[in-house]
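Novice: Following this message is one structure expressed as structure tokens.
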Amino acid sequence: MRAWLKRWREKRTLARRAIPDALWALTLARFHFLSWRSAADVARLRDMATLFLADKEFSGAHGLAIDDEMAVAIAAQACLPVLELGLDWYDGFKGVVVHADAVLAQREFVDAAGVVHEYEEELSGEAMHGGPVMLAWRDVADAGDSAGEGYNVVVHEFVHVLDMRDGTPDGVPPLPDRAARAAWVEVLKAEYDAFRERIDAAEDTLLDPYAAEAPEEFFAVASEAFFVAPRDLRAEHPRLYELLRGFFRQNPAAHS
Ligand SMILES: [Zn+2]
């Protein structure tokens with residue numbers, strides 16, 4: 001689409017379909033971490049959430065009805081990571097599927113002896129390359145309360161979307177050049193390895209032990225804390241905080 005046409009359409013969407021004042025105020029009150037920025041940035045987040053709602057297709061699983069409150073809650077949190085990067089980072093998918101509660105997924109893996117093991121995994125969210133983002137509403141709705149533990153399912157899944165923009169999820173999002181990529185890999189790997197050692201030693205950590213599963217989970221889990229418990233992340237992982245600050249071009253700890 002031509003740039004001027006895109007801008008014109010966006011202006012029209014913002015004029016016609018702006019999130020109502022009362023609903024936006026309610027959303028900020030429920031999810032206090034959305035307001036940890038300047039008034040101008042919060043206003044821009046509202047505009048981005050409006051454009052996100054116009055562009056994405058929400059559907060409720062198993063007959064779940066998605067009302068405006070739910071859609072705005074998801075859109076506002078989803079736009080947080082791309083506030084400075086731009087909504088284009090999300091143009092690789094259309095669908096947002098909302099389940100009432102966590103989903104049990106059937107998984108299997110083959111061990112070294114060739115034996116197939118089947119197990120169930122409880123998912124509160126899932127992101128697939130080019131596919132829909134799945135979220136459990138219960139976890140989304142709890143995001144105000146669970147922020148203190150650095151937990152946020154929407155940020156987690158949408159950071160996977162950013163990570164997958166260059167193909168496989170590997171903990172390395174698209175970066176401007178090779179030097180930036182090398183610097184990213186160095187810091188992330190060092191932080192990830194040190195974190196795994198702490199988990200192996202059964203230490204208490206700010207980040208959920210799930211972050212030790214893989215570099216891409218470490219990136220997603222650390223990003224949750226970056227946006228909803230930024231001071232805690234900065235205190236426990238100063239290098240990681242700076243890495244994420246550079247990537248997201250935001251400094252939430254300065255305002256929280
Ligand atoms: Zn994940």
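Ordered as shown in the structure tokens, chains take letters A, B, and onward, while each chain numbers its residues from 1 and ligands are numbered from 1 in the order shown.
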As JSON, numbers by chain, which residues of region 127-231 of chain A does DSSP assign to alpha helix (DSSP H)?

Specialist: {"A": [137, 138, 139, 140, 141, 143, 144, 145, 146, 153, 154, 155, 156, 157, 158, 159, 160, 161, 162, 163, 178, 179, 180, 181, 182, 183, 184, 185, 186, 187, 188, 189, 190, 191, 192, 193, 194, 195, 196, 197, 198, 199, 200, 215, 216, 217, 218, 219, 220, 221, 222, 223, 224, 225, 226, 227, 228, 230, 231]}

Novice: Dump the neighbourhood of ligand 1 as a VMD selection string: all residues within 10 Å, distances computed on only C-alpha atoms and all ligand atoms.

Specialist: chain A and resid 123 to 127 153 155 to 160 169 210 to 211 213 to 221

Novice: With a distance cut-off of 7 Å and only C-alpha atoms, select the neighbouring residues of Thr27 (chain A), excluding the residue or stretch itself and same-chain residues fewer than 4 positions from it, and output the selection as a PyMOL selection string.

Specialist: chain A and resi 23+31+73

Novice: Those residues you just picked out, can you put them in a file as a PDB file, in the first residue's frame with C-alpha atoms?

Specialist:
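Result written to out_24.pdb:
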ATOM      1  CA  LEU A  23     -12.997   2.410  28.228  1.00  0.00           C
ATOM      2  CA  PHE A  31      -3.282  -2.456  33.866  1.00  0.00           C
ATOM      3  CA  ALA A  73      -7.154  -4.983  27.166  1.00  0.00           C
TER       4      ALA A  73
END

Novice: Closest to Gln77 (chain A) among A:Phe52, A:Phe247, A:Phe58, A:Tyr119, using only C-alpha atoms?

Specialist: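 When distances to Gln77 (chain A) are compared using only C-alpha atoms, the smallest one comes from A:Phe52.
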
Novice: If you run DSSP on the backbone here, which positions in region 40-225 of chain A get strand (DSSP E)? Please write them as a PyMOL selection string.

Specialist: chain A and resi 57-60+95-99+103-110+116-123+125-127+133-136

Novice: Here is a test: counting only C-alpha atoms, which residue of A:Val172, A:Leu135, A:Ala212, A:Met48 is nearest to Asp88 (chain A)?

Specialist: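 Among the listed residues, A:Met48 lies closest to Asp88 (chain A).
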
Novice: Do a neighbour search on Pro173 (chain A) at 12 Å with only C-alpha atoms, toss out local chain neighbours closer than 5 positions, and write the hits as a ChimeraX atom specification.

Specialist: /A:85,89,158-168,180-182,184-185,188,215-216,219-220,243-244,247-248

Novice: Write out as a list in words each polymer residue whose atoms come within 9 Å of Leu53 (chain A), counting only C-alpha atoms; drop sequence neighbours fewer than 3 positions from it.

Specialist: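 Listing them by chain and then by number gives Met48, Ala49, Thr50, Lys56, Glu57, Phe58, Ala71, Val72 and Ala75 of chain A.
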
Novice: Neighbours of Glu242 (chain A) within 10 Å (only C-alpha atoms; same-chain residues fewer than 6 positions away dropped), as a PyMOL selection string?

Specialist: chain A and resi 187+226+233-234+248-251

Novice: Pull C-alpha atoms from the residues just selected and write them as a compact mmCIF listing (two decimals), in the first residue's frame.

Specialist:
# COMPACT_ATOMS: atom_id res chain seq x y z
CA VAL A 187 24.62 -10.60 26.14
CA PHE A 226 10.89 -5.48 31.41
CA LEU A 233 14.54 -6.64 36.20
CA ARG A 234 17.02 -3.76 36.16
CA PHE A 248 12.39 -1.75 22.50
CA ARG A 249 13.68 1.87 22.69
CA GLN A 250 11.85 2.32 25.98
CA ASN A 251 12.94 2.83 29.57

Novice: My list of candidates is A:Pro81, A:Gly60, A:Gly148, A:Gly246. Which is closest to Pro176 (chain A) when distances are computed with only C-alpha atoms?

Specialist: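 Using only C-alpha atoms, the shortest distance to Pro176 (chain A) belongs to A:Gly246.
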
Novice: Quote the spacing between CA of Phe33 (chain A) and CA of Val228 (chain A) in Å to one decimal place.

Specialist: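 These two atoms are separated by 5.6 Å.
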
Novice: What does the distance between CA of His237 (chain A) and CA of Asp177 (chain A) come to in Å, to one decimal place?

Specialist: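 Value for the CA of His237 (chain A)-CA of Asp177 (chain A) distance: 24.5 Å.
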
Novice: Restricting the calculation to only C-alpha atoms: of A:Ala54, A:Asp111, A:Asp68, A:Cys79, which residue gets closest to Lys11 (chain A)?

Specialist: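 Smallest separation from Lys11 (chain A) among the options: A:Ala54.
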
Novice: Between CA of Arg44 (chain A) and CA of Ala235 (chain A), what distance in Å does the model show, to one decimal?

Specialist: 28.3 Å

Novice: Set the distance at 7 Å and use only C-alpha atoms: which residues neighbour Asp101 (chain A) once local chain neighbours fewer than 3 positions away are removed? I'd like the list as a ChimeraX atom specification.

Specialist: /A:136-138

Novice: Convert the current residue selection to file output with C-alpha atoms, as a PDB file, in the first residue's frame.

Specialist:
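What follows is the written file part-v9.pdb:
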ATOM      1  CA  ALA A 136      -6.116 -17.401  27.726  1.00  0.00           C
ATOM      2  CA  TRP A 137      -8.409 -14.618  28.892  1.00  0.00           C
ATOM      3  CA  ARG A 138      -8.047 -15.593  32.560  1.00  0.00           C
TER       4      ARG A 138
END

Novice: Rank nothing, just name the residue among A:Ala143, A:Arg107, A:Ser38, A:Lys94 nearest to Met128 (chain A), using only C-alpha atoms.

Specialist: A:Lys94
